[in-house]
Amino acid sequence: MKRFFYFFVLFIFLSCTKDKVGYKATPYTLNIPSHFPAMIIPENNPMTVQGVELGRFLFYETMLSGDNTMSCASCHAPSNSFSDSNQFSVGIDGVYGNRQSMALINLGWDDFFFWDGRASTLEEQILGPVPNPIEMHQEWDVAVAKLNNDLEYRNRFFRAFGEEGIDSIKVSKAIAQFLRTLISSNSKYDVMYKYENGMTLSSSDQTIFQTIDSEEWAGYDLFKSLNGADCFHCHNGPLMRVKKYSNNGLDNVFTDSGRGAISGNSNDDGKFKVPTLRNIALTAPYMHDGRFSTLDEVIDHYSTGIHMSPTIDPLIEYASQGGVQLDNQEKYLLKKFLLTLSDETFINNPNFMNPH
Amino acid sequence: MRVSLFYFFLCLSFLFISCTKDKPQPLPIVSQNLKITIQPFFDTDTLFLDSVYQTQEGYSVKFTDINFFLTDIKNGDSILNQASLYNYRDNGILLFSSLGNPMNYSNLDLLVGVDSSINHNDPSAFPNESPLNISNAGTMHWGWNPGYIFISIEGKVDTVSNSPLVFDQSFSYHIGTDAYTENLNLTSLTWQLLNNNEYVLPLKIDLKSFLHNPNSSIDLANEFITHTSSGQEVLSNKVLHNFKESISPM
């Protein structure tokens with residue numbers, strides 16, 4: 001009888017070994033605008049509600065920087081359409097970078113990242129700034145250890161990935177999931193684009209449509225005109241950009257060789273990623289080096305300030321004349337159109353704001 | 001004895017039944033991987049982007065981009081590929097890769113450009129893998145004149161002789177809009193076996209003959225731009241015609 005009792009106790013004891021707790025995250029449904037192409041989500045980083053939420057926390061997390069003062073949002077502020085209003089961003093050690101922080105808009109449709117395209121995925125891009133000595137300046141293992149010391153983060157990672165443990169790959173995946181939700185598609189331009197392409201306008205589109213004035217339409221015509229501003233070669237479609245690198249005539253001698261430094265091909269010298277023009281009024285200063293403070297300066301550049309060089313984009317048709325030679329009225333109309341690209345709902349979306 | 005006889009007839013009937021003629025199996029449909037490649041040349045030289053070549057006029061010329069749409073690729077009713085986008089810089093010489101039987105495609109009809117029935121569709125609505133999807137078409141879709149750029153050939157030329165090499169002139173030929181499609185017929189084609197399950201049809205495009213077509217030569221110094229706009233019809237037609245003429249089997 002006694003032996004049976006001991007056997008019973010042993011059985012109970014053995015049956016009490018810790019079970020692995022499974023957790024399945026909830027799939028996140030992206031709301032893709034009707035006039036946008038489908039977004040390709042990497043198979044190894046499916047979007048989940050918990051992953052997106054974790055990514056939002058991490059995007060605003062200062063623990064990722066060496067002195068706990070800087071987060072991704074420090075150089076990509078929502079009010080600036082997730083860009084930096086400074087010409088060059090300054091890192092935790094007071095060191096300035098040499099390129100302007102790019103606006104984070106509709107990144108889920110991009111195939112290459114940074115001005116020089118040195119990252120080919122969003123996840124890869126995110127791994128860069130944390131250990132960069134002129135940015136957040138913190139080794140990944142230190143950043144991960146800090147997150148690991150935080151119970152709430154441990155739980156959030158578990159819920160997002162269904163397993164225990166934190167590493168830099170999971171951090172980049174979560175932030176990438178959040179960044180893929182940063183979709184801007186509610187500007188006047190969106191309505192103009194849909195109207196022009198014969199797409200059905202919703203009732204809210206109809207309301208916006210009524211507010212588009214003749215000067216904005218005239219500016220759009222000028223934007224597209226081959227003999228006008230001729231902008232559409234590099235900035236068109238719902239994403240307001242094309243996927244390419246371009247030398248847009250900023251210099252005849254390059255102090256920053258841009259794409260050429262990555263590809264090793266001198267034919268790429270002076271070329272940089274063509275950025276979207278969405279929310280352009282909110283993302284000053286402009287160009288890869290932030291040399292232009294205002295839209296007026298940008299328009300003047302394309303009008304009369306083009307510099308010839310061996311790699312200048314052939315699509316800048318009037319380069320040999322210095323630019324497209326707009327008069328003051330044309331510049332005014334073009335700027336009116338550029339302002340239609342602003343999307344206030346994007347920069348005020350509560351789902352994109354700091355959750356801390 | 002009767003039992004033995006019984007077994008004998010049983011075996012005999014078994015053999016008889018097992019000797020019934022098998023039904024012939026249908027021949028499997030052979031689907032091979034078929035690739036079409038288009039190698040750019042400048043006369044007899046393999047053409048590389050950003051490399052310098054000499055025109056008949058003595059200009060130094062370099063091509064920076066060669067992109068075009070070939071669609072509705074078929075032989076009679078047998079369609080090989082609905083739409084393909086050639087992008088020499090990004091994809092090299094591969095036009096497309098499809099499944100099919102090479103025996104069915106010894107002749108091919110192709111459309112240079114995109115048929116008007118789909119040219120103005122919402123470019124976001126095509127399947128993700130379609131070259132007509134805006135994500136894949138990229139610079140080959142015009143937002144301002146909704147539709148695709150059928151042919152885009154861009155580059156730079158040094159039009160000043162007796163001087164150091166300076167590419168003083170850019171050229172860009174952008175052909176599109178519904179009136180500017182052309183049918184291209186290729187006959188007596190030979191598919192080459194690459195391996196057990198893959199065939200390739202090598203085509204070529206000669207950019208020298210594109211510029212110097214005997215009946216409609218293009219003068220880079222003076223005919224350097226068209227967007228198929230009003231007033232550019234002569235050059236647009238020349239580009240389309242010369243382009244079509246410059247494609248042939250290797």
# chains A, B, ... in the order shown; residues from 1 in each chain; ligands from 1

call {"tool": "residues_around", "arguments": {"residues": "Gln138 (chain A)", "least_positions_apart": "2", "cutoff": "6 Å", "atoms": "only C-alpha atoms", "output": "PDB file with C-alpha atoms, in the first residue's frame"}}
result
ATOM      1  CA  SER A  65      19.914  54.125 -28.375  1.00  0.00           C
ATOM      2  CA  GLY A  66      23.150  54.107 -26.396  1.00  0.00           C
ATOM      3  CA  VAL A 130      20.853  51.220 -33.999  1.00  0.00           C
ATOM      4  CA  PRO A 131      24.559  50.263 -34.163  1.00  0.00           C
ATOM      5  CA  MET A 136      21.765  55.565 -32.138  1.00  0.00           C
TER       6      MET A 136
END

call {"tool": "closest_atom_pairs", "arguments": {"of": "chain A", "to": "chain B", "cutoff": "7 Å", "atoms": "only C-alpha atoms", "output": "tab-separated table"}}
result
residue	atom	partner	partner_atom	distance
A:His35	CA	B:Ser124	CA	6.2
A:Phe36	CA	B:Ser124	CA	5.4
A:Pro37	CA	B:Ser124	CA	4.1
A:Ala38	CA	B:Asn128	CA	6.6
A:Asn197	CA	B:Pro146	CA	6.6
A:Lys224	CA	B:Trp144	CA	5.7
A:Asn236	CA	B:Gly143	CA	5.6
A:Gly237	CA	B:Gly143	CA	5.4
A:Val242	CA	B:Gly138	CA	5.6
A:Lys243	CA	B:Gly138	CA	6.2
A:Asn267	CA	B:Asp50	CA	6.9
A:Pro310	CA	B:Phe167	CA	6.9
A:Pro314	CA	B:Ser170	CA	5.0
A:Leu315	CA	B:Ser172	CA	6.8

call {"tool": "residues_around", "arguments": {"residues": "His174 (chain B)", "least_positions_apart": "3", "cutoff": "8 Å", "atoms": "only C-alpha atoms", "output": "PDB file with C-alpha atoms, in the first residue's frame"}}
result
ATOM      1  CA  ILE B 149       5.011  53.202 -72.372  1.00  0.00           C
ATOM      2  CA  PHE B 150       5.457  50.482 -74.956  1.00  0.00           C
ATOM      3  CA  ILE B 151       9.055  51.231 -75.856  1.00  0.00           C
ATOM      4  CA  SER B 152      11.539  53.241 -73.822  1.00  0.00           C
ATOM      5  CA  ILE B 153      15.031  53.683 -75.188  1.00  0.00           C
ATOM      6  CA  ILE B 225      13.144  63.051 -78.019  1.00  0.00           C
ATOM      7  CA  THR B 226       9.639  61.799 -78.394  1.00  0.00           C
ATOM      8  CA  HIS B 227       6.915  61.089 -75.906  1.00  0.00           C
ATOM      9  CA  THR B 228       4.488  60.211 -78.678  1.00  0.00           C
ATOM     10  CA  SER B 236       7.373  58.245 -82.992  1.00  0.00           C
TER      11      SER B 236
END

call {"tool": "residues_around", "arguments": {"residues": "Leu203 (chain B)", "least_positions_apart": "2", "cutoff": "6 Å", "atoms": "only C-alpha atoms", "output": "PyMOL selection string"}}
result
chain B and resi 37-38+248-250

call {"tool": "write_last_selection", "arguments": {"atoms": "C-alpha atoms", "output": "JSON list (two decimals), in the first residue's frame"}}
result
[["chain", "number", "residue", "atom", "x", "y", "z"],
["B", 37, "THR", "CA", 15.86, 35.96, -74.37],
["B", 38, "ILE", "CA", 16.68, 39.08, -76.33],
["B", 248, "SER", "CA", 15.10, 39.00, -85.13],
["B", 249, "PRO", "CA", 16.10, 35.46, -84.17],
["B", 250, "MET", "CA", 19.76, 35.03, -83.27]]

call {"tool": "atom_distance", "arguments": {"atom1": "CA of Leu147 (chain A)", "atom2": "CA of Glu163 (chain A)"}}
result
15.3 Å
